[in-house]
>>> print(open('start.pdb').read())   # PDB, C-alpha atoms and all ligand atoms
ATOM      1  CA  MET A   1      52.369 -31.618 -61.644
ATOM      2  CA  THR A   2      51.416 -32.561 -65.223
ATOM      3  CA  GLY A   3      49.509 -30.373 -67.704
ATOM      4  CA  ARG A   4      45.933 -29.107 -67.403
ATOM      5  CA  ASN A   5      43.101 -31.561 -67.198
ATOM      6  CA  PRO A   6      40.499 -30.594 -69.856
ATOM      7  CA  ASP A   7      37.626 -31.581 -67.494
ATOM      8  CA  GLN A   8      38.641 -29.211 -64.705
ATOM      9  CA  PRO A   9      37.161 -25.913 -65.976
ATOM     10  CA  GLY A  10      33.802 -27.713 -66.278
ATOM     11  CA  ILE A  11      33.992 -28.911 -62.661
ATOM     12  CA  PHE A  12      34.885 -25.434 -61.387
ATOM     13  CA  LYS A  13      32.051 -23.878 -63.361
ATOM     14  CA  ALA A  14      29.632 -26.372 -61.787
ATOM     15  CA  ILE A  15      31.029 -25.689 -58.286
ATOM     16  CA  SER A  16      30.806 -21.904 -58.678
ATOM     17  CA  ARG A  17      27.226 -22.243 -59.995
ATOM     18  CA  ALA A  18      26.306 -24.371 -56.955
ATOM     19  CA  LEU A  19      27.973 -21.875 -54.581
ATOM     20  CA  LEU A  20      26.137 -18.981 -56.188
ATOM     21  CA  ARG A  21      22.802 -20.786 -55.749
ATOM     22  CA  LEU A  22      23.686 -21.533 -52.113
ATOM     23  CA  ALA A  23      24.502 -17.854 -51.519
ATOM     24  CA  TYR A  24      21.159 -16.761 -53.066
ATOM     25  CA  GLY A  25      19.304 -19.289 -50.899
ATOM     26  CA  ALA A  26      21.123 -18.217 -47.728
ATOM     27  CA  ALA A  27      20.474 -14.535 -48.453
ATOM     28  CA  ALA A  28      16.751 -15.221 -49.008
ATOM     29  CA  ALA A  29      16.531 -17.267 -45.783
ATOM     30  CA  LEU A  30      18.374 -14.604 -43.797
ATOM     31  CA  SER A  31      16.242 -11.747 -45.040
ATOM     32  CA  GLY A  32      12.936 -13.586 -44.634
ATOM     33  CA  GLY A  33      13.180 -16.196 -41.900
ATOM     34  CA  CYS A  34      15.665 -14.970 -39.321
ATOM     35  CA  THR A  35      13.946 -11.904 -37.958
ATOM     36  CA  GLY A  36      10.899 -11.719 -35.717
ATOM     37  CA  ILE A  37      10.025 -11.767 -32.034
ATOM     38  CA  GLN A  38      11.963 -14.937 -31.274
ATOM     39  CA  SER A  39      15.226 -14.460 -33.098
ATOM     40  CA  ALA A  40      18.805 -13.794 -32.083
ATOM     41  CA  PHE A  41      18.952 -11.514 -35.151
ATOM     42  CA  SER A  42      16.257  -9.253 -33.642
ATOM     43  CA  ALA A  43      18.523  -8.441 -30.715
ATOM     44  CA  PHE A  44      17.192  -6.160 -27.981
ATOM     45  CA  GLY A  45      19.835  -6.856 -25.321
ATOM     46  CA  ILE A  46      23.553  -6.221 -24.915
ATOM     47  CA  GLU A  47      24.533  -9.895 -24.871
ATOM     48  CA  ALA A  48      22.462 -10.844 -27.938
ATOM     49  CA  GLU A  49      23.839  -7.804 -29.786
ATOM     50  CA  SER A  50      27.434  -8.908 -29.225
ATOM     51  CA  THR A  51      26.539 -12.492 -30.224
ATOM     52  CA  ARG A  52      24.979 -11.148 -33.417
ATOM     53  CA  ALA A  53      28.047  -9.000 -34.183
ATOM     54  CA  LEU A  54      30.299 -12.030 -33.587
ATOM     55  CA  THR A  55      28.090 -14.172 -35.886
ATOM     56  CA  TRP A  56      28.236 -11.636 -38.721
ATOM     57  CA  GLY A  57      31.992 -11.191 -38.239
ATOM     58  CA  MET A  58      32.619 -14.936 -38.356
ATOM     59  CA  THR A  59      30.314 -15.353 -41.375
ATOM     60  CA  ALA A  60      32.181 -12.633 -43.263
ATOM     61  CA  ALA A  61      35.564 -14.146 -42.323
ATOM     62  CA  ALA A  62      34.436 -17.659 -43.311
ATOM     63  CA  THR A  63      33.223 -16.319 -46.676
ATOM     64  CA  VAL A  64      36.527 -14.557 -47.353
ATOM     65  CA  ILE A  65      38.527 -17.670 -46.379
ATOM     66  CA  THR A  66      36.361 -19.966 -48.532
ATOM     67  CA  ILE A  67      36.689 -17.691 -51.557
ATOM     68  CA  GLY A  68      40.476 -17.480 -50.957
ATOM     69  CA  VAL A  69      40.888 -21.271 -50.771
ATOM     70  CA  LEU A  70      38.772 -21.773 -53.913
ATOM     71  CA  TRP A  71      40.817 -19.129 -55.732
ATOM     72  CA  LEU A  72      44.054 -20.898 -54.714
ATOM     73  CA  ALA A  73      42.698 -24.284 -55.822
ATOM     74  CA  TRP A  74      41.552 -22.817 -59.117
ATOM     75  CA  HIS A  75      44.966 -21.318 -59.781
ATOM     76  CA  ALA A  76      46.766 -24.508 -58.735
ATOM     77  CA  ALA A  77      44.620 -26.574 -61.086
ATOM     78  CA  ARG A  78      45.258 -24.206 -64.015
ATOM     79  CA  ALA A  79      48.991 -23.744 -63.361
ATOM     80  CA  PRO A  80      51.215 -24.817 -66.290
ATOM     81  CA  ALA A  81      53.347 -27.937 -65.815
ATOM     82  CA  GLY A  82      56.462 -27.355 -63.669
ATOM     83  CA  ARG A  83      55.181 -24.109 -62.189
ATOM     84  CA  LEU A  84      54.327 -25.596 -58.752
ATOM     85  CA  ASP A  85      56.945 -27.274 -56.583
ATOM     86  CA  HIS A  86      56.986 -29.132 -53.258
ATOM     87  CA  GLN A  87      58.702 -26.305 -51.360
ATOM     88  CA  GLY A  88      56.123 -23.737 -52.494
ATOM     89  CA  GLY A  89      53.341 -26.073 -51.386
ATOM     90  CA  MET A  90      54.917 -26.470 -47.944
ATOM     91  CA  ARG A  91      55.155 -22.676 -47.607
ATOM     92  CA  VAL A  92      51.450 -22.340 -48.347
ATOM     93  CA  ILE A  93      50.656 -24.992 -45.737
ATOM     94  CA  LEU A  94      52.910 -23.287 -43.146
ATOM     95  CA  TRP A  95      51.327 -19.837 -43.626
ATOM     96  CA  LEU A  96      47.733 -20.710 -44.350
ATOM     97  CA  GLY A  97      47.502 -23.971 -42.432
ATOM     98  CA  ALA A  98      49.456 -23.169 -39.250
ATOM     99  CA  ILE A  99      50.481 -19.527 -38.708
ATOM    100  CA  GLY A 100      47.304 -17.976 -40.178
ATOM    101  CA  PRO A 101      44.809 -20.078 -38.168
ATOM    102  CA  THR A 102      46.858 -19.641 -34.954
ATOM    103  CA  VAL A 103      46.802 -15.843 -35.262
ATOM    104  CA  LEU A 104      43.131 -15.841 -36.283
ATOM    105  CA  LEU A 105      41.957 -18.178 -33.493
ATOM    106  CA  THR A 106      43.994 -16.277 -30.879
ATOM    107  CA  ALA A 107      42.436 -12.976 -31.994
ATOM    108  CA  LEU A 108      38.976 -14.586 -31.890
ATOM    109  CA  LEU A 109      39.603 -16.020 -28.404
ATOM    110  CA  VAL A 110      40.795 -12.658 -27.025
ATOM    111  CA  SER A 111      37.836 -10.769 -28.518
ATOM    112  CA  SER A 112      35.288 -13.360 -27.283
ATOM    113  CA  LEU A 113      36.782 -13.465 -23.770
ATOM    114  CA  THR A 114      36.063  -9.761 -23.330
ATOM    115  CA  LYS A 115      32.509 -10.261 -24.608
ATOM    116  CA  MET A 116      31.897 -13.276 -22.366
ATOM    117  CA  ARG A 117      32.458 -11.217 -19.211
ATOM    118  CA  THR A 118      29.253 -10.949 -17.156
ATOM    119  CA  LEU A 119      27.730  -7.467 -16.852
ATOM    120  CA  PRO A 120      28.542  -5.869 -13.482
ATOM    121  CA  THR A 121      25.611  -5.846 -11.058
ATOM    122  CA  GLY A 122      24.731  -3.548  -8.161
ATOM    123  CA  ALA A 123      22.744  -4.035  -4.958
ATOM    124  CA  ASP A 124      19.909  -1.868  -6.333
ATOM    125  CA  ASP A 125      19.414  -3.948  -9.468
ATOM    126  CA  LEU A 126      16.236  -5.886 -10.068
ATOM    127  CA  LYS A 127      16.343  -9.629  -9.591
ATOM    128  CA  ILE A 128      13.793 -11.956 -11.185
ATOM    129  CA  ALA A 129      13.657 -15.528  -9.904
ATOM    130  CA  VAL A 130      12.288 -17.820 -12.615
ATOM    131  CA  ASP A 131      11.437 -21.475 -11.987
ATOM    132  CA  GLY A 132      10.896 -23.857 -14.881
ATOM    133  CA  GLU A 133       7.790 -25.882 -14.063
ATOM    134  CA  GLN A 134       6.048 -28.612 -16.090
ATOM    135  CA  PHE A 135       5.336 -26.832 -18.474
ATOM    136  CA  TRP A 136       5.188 -23.189 -17.483
ATOM    137  CA  TRP A 137       7.282 -20.439 -15.902
ATOM    138  CA  ARG A 138       6.953 -19.164 -12.350
ATOM    139  CA  ALA A 139       8.369 -15.628 -12.119
ATOM    140  CA  ARG A 140       9.047 -13.731  -8.882
ATOM    141  CA  TYR A 141      10.153 -10.113  -9.184
ATOM    142  CA  LEU A 142      12.467  -9.176  -6.333
ATOM    143  CA  PRO A 143      12.974  -5.399  -6.509
ATOM    144  CA  ALA A 144      15.666  -4.026  -4.173
ATOM    145  CA  GLY A 145      13.940  -2.953  -0.971
ATOM    146  CA  GLY A 146      10.471  -3.857  -2.290
ATOM    147  CA  GLN A 147       7.997  -6.686  -1.840
ATOM    148  CA  PRO A 148       8.378  -9.805  -4.022
ATOM    149  CA  VAL A 149       5.739 -10.022  -6.761
ATOM    150  CA  GLU A 150       4.801 -13.383  -8.256
ATOM    151  CA  THR A 151       3.449 -13.795 -11.785
ATOM    152  CA  ALA A 152       3.721 -16.496 -14.425
ATOM    153  CA  ASN A 153       4.463 -17.075 -18.090
ATOM    154  CA  GLU A 154       5.420 -13.514 -18.883
ATOM    155  CA  ILE A 155       8.659 -11.649 -18.289
ATOM    156  CA  ARG A 156       8.879  -7.875 -18.191
ATOM    157  CA  VAL A 157      12.141  -5.985 -18.002
ATOM    158  CA  PRO A 158      13.015  -2.269 -17.810
ATOM    159  CA  VAL A 159      15.131  -1.052 -20.735
ATOM    160  CA  GLY A 160      18.591   0.246 -19.832
ATOM    161  CA  HIS A 161      18.652  -1.437 -16.415
ATOM    162  CA  THR A 162      20.689  -4.450 -15.399
ATOM    163  CA  VAL A 163      18.473  -7.389 -14.445
ATOM    164  CA  THR A 164      19.608 -10.685 -12.940
ATOM    165  CA  PHE A 165      17.552 -13.804 -13.611
ATOM    166  CA  ALA A 166      17.973 -16.452 -10.898
ATOM    167  CA  LEU A 167      17.061 -19.661 -12.715
ATOM    168  CA  THR A 168      16.146 -23.018 -11.239
ATOM    169  CA  SER A 169      13.620 -25.851 -11.470
ATOM    170  CA  PRO A 170      11.897 -28.042  -8.869
ATOM    171  CA  ASP A 171      11.950 -31.298 -10.871
ATOM    172  CA  VAL A 172      13.294 -31.618 -14.418
ATOM    173  CA  ILE A 173      15.896 -29.651 -16.381
ATOM    174  CA  HIS A 174      14.663 -26.824 -18.617
ATOM    175  CA  SER A 175      16.591 -24.176 -20.489
ATOM    176  CA  PHE A 176      15.633 -20.508 -20.261
ATOM    177  CA  TRP A 177      16.119 -18.784 -23.584
ATOM    178  CA  ILE A 178      15.168 -15.332 -24.818
ATOM    179  CA  PRO A 179      17.058 -15.319 -28.147
ATOM    180  CA  GLY A 180      16.785 -11.552 -28.671
ATOM    181  CA  LEU A 181      18.106 -10.794 -25.173
ATOM    182  CA  ALA A 182      20.829 -13.296 -24.283
ATOM    183  CA  GLY A 183      22.057 -16.850 -24.646
ATOM    184  CA  LYS A 184      20.299 -19.852 -23.129
ATOM    185  CA  VAL A 185      20.903 -20.982 -19.546
ATOM    186  CA  ASP A 186      19.900 -24.327 -18.033
ATOM    187  CA  MET A 187      17.462 -24.483 -15.129
ATOM    188  CA  ILE A 188      18.718 -27.328 -12.974
ATOM    189  CA  PRO A 189      16.972 -28.790  -9.908
ATOM    190  CA  GLY A 190      18.977 -28.166  -6.740
ATOM    191  CA  ARG A 191      21.001 -25.213  -8.003
ATOM    192  CA  THR A 192      20.453 -21.659  -9.149
ATOM    193  CA  ASN A 193      22.082 -20.286 -12.301
ATOM    194  CA  ASP A 194      22.290 -16.529 -12.704
ATOM    195  CA  LEU A 195      21.860 -14.762 -16.031
ATOM    196  CA  VAL A 196      22.616 -11.035 -16.106
ATOM    197  CA  VAL A 197      21.023  -9.048 -18.931
ATOM    198  CA  ARG A 198      20.313  -5.507 -20.012
ATOM    199  CA  ALA A 199      17.621  -4.729 -22.573
ATOM    200  CA  THR A 200      18.458  -1.980 -25.061
ATOM    201  CA  ARG A 201      15.112  -1.288 -26.770
ATOM    202  CA  THR A 202      11.443  -1.620 -25.968
ATOM    203  CA  GLY A 203       9.145  -4.136 -27.608
ATOM    204  CA  VAL A 204       7.315  -7.420 -27.256
ATOM    205  CA  TYR A 205       9.457 -10.492 -27.820
ATOM    206  CA  ARG A 206       9.287 -14.201 -27.091
ATOM    207  CA  GLY A 207      11.273 -16.693 -25.096
ATOM    208  CA  ALA A 208      11.119 -20.487 -25.034
ATOM    209  CA  CYS A 209      12.341 -23.591 -23.293
ATOM    210  CA  ALA A 210      15.416 -24.852 -25.111
ATOM    211  CA  GLU A 211      15.949 -28.204 -23.401
ATOM    212  CA  PHE A 212      13.681 -31.205 -23.910
ATOM    213  CA  CYS A 213      11.771 -31.516 -20.632
ATOM    214  CA  GLY A 214       8.730 -33.677 -21.389
ATOM    215  CA  LEU A 215       5.621 -33.988 -23.538
ATOM    216  CA  SER A 216       4.885 -30.267 -23.771
ATOM    217  CA  HIS A 217       8.454 -29.026 -24.101
ATOM    218  CA  ALA A 218       7.543 -27.448 -27.450
ATOM    219  CA  ARG A 219       4.607 -25.649 -25.794
ATOM    220  CA  MET A 220       6.652 -23.970 -23.117
ATOM    221  CA  ALA A 221       7.152 -20.423 -24.317
ATOM    222  CA  PHE A 222       6.592 -16.990 -22.792
ATOM    223  CA  ASP A 223       6.086 -13.398 -23.793
ATOM    224  CA  VAL A 224       8.860 -10.946 -23.034
ATOM    225  CA  VAL A 225       8.019  -7.263 -22.739
ATOM    226  CA  ALA A 226      10.868  -4.748 -22.633
ATOM    227  CA  MET A 227       9.467  -1.487 -21.258
ATOM    228  CA  ALA A 228      10.589   2.071 -20.587
ATOM    229  CA  PRO A 229      11.676   2.198 -16.898
ATOM    230  CA  ALA A 230       8.755   4.441 -15.829
ATOM    231  CA  ASP A 231       6.233   2.129 -17.543
ATOM    232  CA  PHE A 232       7.878  -0.864 -15.920
ATOM    233  CA  ASP A 233       7.672   0.674 -12.430
ATOM    234  CA  ARG A 234       3.980   1.419 -13.003
ATOM    235  CA  TRP A 235       3.365  -2.131 -14.239
ATOM    236  CA  LEU A 236       5.206  -3.707 -11.280
ATOM    237  CA  ALA A 237       3.243  -1.572  -8.807
ATOM    238  CA  GLY A 238       0.028  -2.788 -10.476
ATOM    239  CA  ALA A 239       1.179  -6.404 -10.466
ATOM    240  CA  ALA A 240       1.953  -6.146  -6.730
ATOM    241  CA  ARG A 241      -1.641  -5.174  -5.951
ATOM    242  CA  PRO A 242      -4.150  -7.903  -5.065
ATOM    243  CA  ALA A 243      -6.934  -8.696  -7.531
ATOM    244  CA  ALA A 244      -9.753  -6.137  -7.711
ATOM    245  CA  GLY A 245     -12.857  -6.962  -5.680
ATOM    246  CA  ILE A 246     -14.943  -8.440  -8.486
ATOM    247  CA  ASP A 247     -18.004 -10.318  -7.292
ATOM    248  CA  SER A 248     -19.065 -12.539 -10.172
ATOM    249  CA  PRO A 249     -20.622 -16.031 -10.435
ATOM    250  CA  GLY A 250     -17.264 -17.199 -11.803
ATOM    251  CA  ARG A 251     -15.502 -16.242  -8.595
ATOM    252  CA  HIS A 252     -17.793 -18.536  -6.577
ATOM    253  CA  LEU A 253     -17.466 -21.359  -9.117
ATOM    254  CA  PHE A 254     -13.670 -20.977  -8.935
ATOM    255  CA  GLU A 255     -13.970 -21.762  -5.223
ATOM    256  CA  GLU A 256     -16.591 -24.530  -5.690
ATOM    257  CA  TYR A 257     -14.522 -26.444  -8.224
ATOM    258  CA  GLY A 258     -11.493 -26.220  -5.942
ATOM    259  CA  CYS A 259      -9.346 -24.211  -8.398
ATOM    260  CA  GLY A 260      -7.873 -22.420  -5.390
ATOM    261  CA  GLY A 261      -6.317 -25.728  -4.352
ATOM    262  CA  CYS A 262      -3.609 -25.088  -6.928
ATOM    263  CA  HIS A 263      -3.850 -21.431  -7.987
ATOM    264  CA  THR A 264      -3.423 -18.252  -6.010
ATOM    265  CA  ILE A 265      -5.432 -15.137  -6.804
ATOM    266  CA  ARG A 266      -4.099 -12.620  -4.306
ATOM    267  CA  GLY A 267      -7.021 -11.047  -2.441
ATOM    268  CA  HIS A 268      -9.412 -13.869  -3.428
ATOM    269  CA  ALA A 269      -7.752 -17.250  -2.893
ATOM    270  CA  GLU A 270      -4.297 -17.509  -1.389
ATOM    271  CA  ASP A 271      -3.963 -21.111  -0.303
ATOM    272  CA  SER A 272      -1.719 -22.707  -2.849
ATOM    273  CA  THR A 273       1.193 -22.070  -5.164
ATOM    274  CA  ILE A 274       1.173 -25.400  -7.005
ATOM    275  CA  GLY A 275      -0.013 -23.898 -10.298
ATOM    276  CA  PRO A 276       0.575 -20.495 -11.911
ATOM    277  CA  ASP A 277      -0.428 -17.376  -9.952
ATOM    278  CA  LEU A 278      -3.606 -15.997 -11.584
ATOM    279  CA  THR A 279      -3.894 -12.649  -9.757
ATOM    280  CA  HIS A 280      -3.764 -10.576 -12.969
ATOM    281  CA  VAL A 281      -4.045 -13.411 -15.494
ATOM    282  CA  GLY A 282      -6.447 -11.455 -17.745
ATOM    283  CA  SER A 283      -3.758  -8.864 -18.464
ATOM    284  CA  ARG A 284      -1.274 -11.393 -19.821
ATOM    285  CA  LEU A 285      -0.624 -11.521 -23.541
ATOM    286  CA  SER A 286      -1.096 -15.264 -23.885
ATOM    287  CA  LEU A 287      -2.382 -18.327 -22.060
ATOM    288  CA  GLY A 288      -0.799 -21.668 -21.226
ATOM    289  CA  ALA A 289       2.813 -20.432 -21.523
ATOM    290  CA  GLY A 290       2.582 -18.861 -24.969
ATOM    291  CA  THR A 291       0.262 -21.574 -26.295
ATOM    292  CA  LEU A 292      -3.145 -19.868 -26.721
ATOM    293  CA  PRO A 293      -4.334 -16.273 -27.094
ATOM    294  CA  MET A 294      -5.700 -14.721 -23.881
ATOM    295  CA  THR A 295      -9.424 -14.940 -24.681
ATOM    296  CA  ARG A 296     -12.430 -16.200 -22.759
ATOM    297  CA  ASP A 297     -12.919 -19.107 -25.177
ATOM    298  CA  ALA A 298      -9.310 -20.184 -24.848
ATOM    299  CA  LEU A 299      -9.583 -20.015 -21.047
ATOM    300  CA  SER A 300     -12.709 -22.228 -21.139
ATOM    301  CA  ARG A 301     -10.997 -24.727 -23.402
ATOM    302  CA  PHE A 302      -7.940 -24.853 -21.163
ATOM    303  CA  ILE A 303      -9.993 -25.291 -17.984
ATOM    304  CA  ARG A 304     -12.061 -28.182 -19.344
ATOM    305  CA  ASP A 305      -9.320 -30.074 -21.135
ATOM    306  CA  PRO A 306      -5.777 -28.823 -20.468
ATOM    307  CA  ALA A 307      -4.264 -32.031 -21.880
ATOM    308  CA  SER A 308      -5.702 -31.226 -25.325
ATOM    309  CA  VAL A 309      -3.711 -27.995 -25.283
ATOM    310  CA  LYS A 310      -0.678 -29.188 -23.323
ATOM    311  CA  PRO A 311      -0.124 -32.943 -23.223
ATOM    312  CA  GLY A 312       1.538 -33.968 -19.973
ATOM    313  CA  ALA A 313       0.477 -30.823 -18.085
ATOM    314  CA  LEU A 314      -0.064 -31.479 -14.374
ATOM    315  CA  MET A 315      -3.421 -29.679 -14.269
ATOM    316  CA  PRO A 316      -6.317 -32.166 -14.023
ATOM    317  CA  SER A 317      -9.031 -31.981 -16.662
ATOM    318  CA  PHE A 318     -12.583 -30.850 -15.888
ATOM    319  CA  LYS A 319     -14.301 -32.493 -18.859
ATOM    320  CA  ASP A 320     -17.561 -32.929 -16.911
ATOM    321  CA  MET A 321     -17.777 -29.245 -16.066
ATOM    322  CA  PRO A 322     -20.828 -27.740 -17.844
ATOM    323  CA  GLY A 323     -19.820 -25.276 -20.547
ATOM    324  CA  LYS A 324     -21.664 -22.427 -18.825
ATOM    325  CA  ASP A 325     -19.645 -22.957 -15.628
ATOM    326  CA  ALA A 326     -16.369 -22.979 -17.554
ATOM    327  CA  ASP A 327     -17.458 -19.794 -19.362
ATOM    328  CA  ALA A 328     -18.354 -18.116 -16.061
ATOM    329  CA  ILE A 329     -14.971 -18.962 -14.533
ATOM    330  CA  SER A 330     -13.253 -17.798 -17.751
ATOM    331  CA  SER A 331     -15.122 -14.484 -17.677
ATOM    332  CA  TYR A 332     -14.021 -13.992 -14.082
ATOM    333  CA  LEU A 333     -10.382 -14.810 -14.895
ATOM    334  CA  ALA A 334     -10.385 -12.607 -18.003
ATOM    335  CA  GLU A 335     -11.450  -9.685 -15.786
ATOM    336  CA  LEU A 336      -8.455 -10.134 -13.470
ATOM    337  CA  ARG A 337      -6.322  -7.347 -14.882
TER     338      ARG A 337
HETATM  339 CU1  LIG B 401      10.828 -26.964 -20.385
HETATM  340 CU2  LIG B 401      11.626 -27.893 -22.372
END
>>> encode(input="start.pdb", output="structure tokens")
Amino acid sequence: MTGRNPDQPGIFKAISRALLRLAYGAAAALSGGCTGIQSAFSAFGIEAESTRALTWGMTAAATVITIGVLWLAWHAARAPAGRLDHQGGMRVILWLGAIGPTVLLTALLVSSLTKMRTLPTGADDLKIAVDGEQFWWRARYLPAGGQPVETANEIRVPVGHTVTFALTSPDVIHSFWIPGLAGKVDMIPGRTNDLVVRATRTGVYRGACAEFCGLSHARMAFDVVAMAPADFDRWLAGAARPAAGIDSPGRHLFEEYGCGGCHTIRGHAEDSTIGPDLTHVGSRLSLGAGTLPMTRDALSRFIRDPASVKPGALMPSFKDMPGKDADAISSYLAELR
């Protein structure tokens, strides 16, 4: 190696300035943009917590390694002539390029293998079968020894209990993802993939479809509510009950317009399961798979022109329906709690 290049300190200063700016930017993004109801950093489940710990661990290790390599390069560039030799360079490559990475990757593999093990399940655990439809979620709660309960577009889980999601789809591939709870799992027609989770804290979170599945892929989300076990049991018992005996003009219009040809409202219309079950639709947090707020106006808009909310949705539009009829049906649906 020859003597020092006078330009090098300038280059290193520029690189360290750029790195510093990058670090500031990353810190700002992490503190502001990575938390919230749909974030792997707002973990509320065992699996997401271990993924988050692994992410932070790897980020810290990558930072240390990067700083170490830069430090070495800086020293090598500033070394006086004759100080560095070929043998020394080969030693660095042997330790830092072969032995170091082998030890590090082996340690990482061993620690991730233990974390990748599926949670043990018992016969008494709750099972929730979720089907990815175009573009909504059919959810059937299958409590051990109890009656199945069908709902849609909302997932509720009891905190501290192991829950198995049985995931499939009747037509196209979707991906079921609740970032704060666990990793994503594909929903594949013709097979059922299990995802075992355990929520660790209560709260309202959000899940989404993570595999392009058609026009409204980006409008295929759902609310996730992690509840205390007693609250969950009470909610499930309520969800299992048929709709209350409301006698409103909307209920008759629901029948007249043939809505029951696709939707079930247990206790009122039980003929079809093509579309989402609407038995307690008014109690859901959102409408159209996380697309609109659950309000009467939003219900009316969805009924008259679903394609304007969800392009590609299989529900036909009722653009000729008079506004007062749509409002009456919406009022009826909003009362189904
Ligand atoms: Cu369903 Cu993307």
>>> atom_distance(input="start.pdb", atom1="CA of Ser317 (chain A)", atom2="CA of Phe302 (chain A)")
8.5 Å
>>> resolve_selection(input="start.pdb", expression="the PyMOL selection byres (((chain A and resi 318) around 12) and not hetatm)", output="PyMOL selection string")
chain A and resi 257-259+300-308+315-317+319-323+325-326
>>> closest_residue(input="start.pdb", among="A:Ala208, A:Ala226, A:Ala298, A:Ile274", to="ligand LIG 401 (chain B)", atoms="all atoms listed in the file")
A:Ala208
>>> atom_distance(input="start.pdb", atom1="CA of Arg296 (chain A)", atom2="CA of Leu333 (chain A)")
8.2 Å
>>> resolve_selection(input="start.pdb", expression="the PyMOL selection byres (((not hetatm)) within 9 of (chain B and resi 401))", output="list of chain:residue names")
A:Gly132, A:Glu133, A:Gln134, A:Phe135, A:Trp136, A:Trp137, A:Val172, A:Ile173, A:His174, A:Ser175, A:Phe176, A:Met187, A:Ala208, A:Cys209, A:Ala210, A:Glu211, A:Phe212, A:Cys213, A:Gly214, A:Leu215, A:Ser216, A:His217, A:Ala218, A:Arg219, A:Met220, A:Ala221
>>> resolve_selection(input="start.pdb", expression="the PyMOL selection byres (((chain A and resi 198) around 8) and not hetatm)", output="list of chain:residue names")
A:Gly45, A:Ile46, A:Glu47, A:Val159, A:Gly160, A:His161, A:Thr162, A:Val163, A:Leu181, A:Val196, A:Val197, A:Ala199, A:Thr200
>>> build_atoms(input="start.pdb", residues="region 33-48 of chain A", atoms="N, CA and C atoms", output="PDB file, in the coordinates of the input")
ATOM      1  N   GLY A  33      13.539 -15.300 -42.987  1.00  0.00           N
ATOM      2  CA  GLY A  33      13.180 -16.196 -41.900  1.00  0.00           C
ATOM      3  C   GLY A  33      13.870 -15.943 -40.573  1.00  0.00           C
ATOM      4  N   CYS A  34      14.866 -15.065 -40.543  1.00  0.00           N
ATOM      5  CA  CYS A  34      15.665 -14.970 -39.321  1.00  0.00           C
ATOM      6  C   CYS A  34      15.320 -13.776 -38.448  1.00  0.00           C
ATOM      7  N   THR A  35      14.321 -13.009 -38.829  1.00  0.00           N
ATOM      8  CA  THR A  35      13.946 -11.904 -37.958  1.00  0.00           C
ATOM      9  C   THR A  35      12.636 -12.269 -37.283  1.00  0.00           C
ATOM     10  N   GLY A  36      12.143 -11.410 -36.396  1.00  0.00           N
ATOM     11  CA  GLY A  36      10.899 -11.719 -35.717  1.00  0.00           C
ATOM     12  C   GLY A  36      11.078 -11.635 -34.222  1.00  0.00           C
ATOM     13  N   ILE A  37       9.997 -11.987 -33.478  1.00  0.00           N
ATOM     14  CA  ILE A  37      10.025 -11.767 -32.034  1.00  0.00           C
ATOM     15  C   ILE A  37      10.861 -12.799 -31.299  1.00  0.00           C
ATOM     16  N   GLN A  38      11.151 -13.924 -31.953  1.00  0.00           N
ATOM     17  CA  GLN A  38      11.963 -14.937 -31.274  1.00  0.00           C
ATOM     18  C   GLN A  38      13.188 -15.255 -32.114  1.00  0.00           C
ATOM     19  N   SER A  39      14.057 -14.256 -32.261  1.00  0.00           N
ATOM     20  CA  SER A  39      15.226 -14.460 -33.098  1.00  0.00           C
ATOM     21  C   SER A  39      16.432 -13.738 -32.521  1.00  0.00           C
ATOM     22  N   ALA A  40      17.569 -14.417 -32.559  1.00  0.00           N
ATOM     23  CA  ALA A  40      18.805 -13.794 -32.083  1.00  0.00           C
ATOM     24  C   ALA A  40      19.215 -12.647 -33.013  1.00  0.00           C
ATOM     25  N   PHE A  41      18.630 -12.605 -34.242  1.00  0.00           N
ATOM     26  CA  PHE A  41      18.952 -11.514 -35.151  1.00  0.00           C
ATOM     27  C   PHE A  41      18.149 -10.252 -34.825  1.00  0.00           C
ATOM     28  N   SER A  42      17.010 -10.424 -34.106  1.00  0.00           N
ATOM     29  CA  SER A  42      16.257  -9.253 -33.642  1.00  0.00           C
ATOM     30  C   SER A  42      16.700  -8.960 -32.213  1.00  0.00           C
ATOM     31  N   ALA A  43      17.959  -8.610 -32.062  1.00  0.00           N
ATOM     32  CA  ALA A  43      18.523  -8.441 -30.715  1.00  0.00           C
ATOM     33  C   ALA A  43      17.953  -7.195 -30.039  1.00  0.00           C
ATOM     34  N   PHE A  44      17.605  -7.340 -28.758  1.00  0.00           N
ATOM     35  CA  PHE A  44      17.192  -6.160 -27.981  1.00  0.00           C
ATOM     36  C   PHE A  44      17.921  -6.126 -26.640  1.00  0.00           C
ATOM     37  N   GLY A  45      19.043  -6.850 -26.545  1.00  0.00           N
ATOM     38  CA  GLY A  45      19.835  -6.856 -25.321  1.00  0.00           C
ATOM     39  C   GLY A  45      21.313  -6.839 -25.649  1.00  0.00           C
ATOM     40  N   ILE A  46      22.116  -6.378 -24.689  1.00  0.00           N
ATOM     41  CA  ILE A  46      23.553  -6.221 -24.915  1.00  0.00           C
ATOM     42  C   ILE A  46      24.212  -7.542 -25.313  1.00  0.00           C
ATOM     43  N   GLU A  47      23.867  -8.625 -24.606  1.00  0.00           N
ATOM     44  CA  GLU A  47      24.533  -9.895 -24.871  1.00  0.00           C
ATOM     45  C   GLU A  47      24.192 -10.428 -26.273  1.00  0.00           C
ATOM     46  N   ALA A  48      22.884 -10.354 -26.617  1.00  0.00           N
ATOM     47  CA  ALA A  48      22.462 -10.844 -27.938  1.00  0.00           C
ATOM     48  C   ALA A  48      23.064  -9.989 -29.045  1.00  0.00           C
TER      49      ALA A  48
END
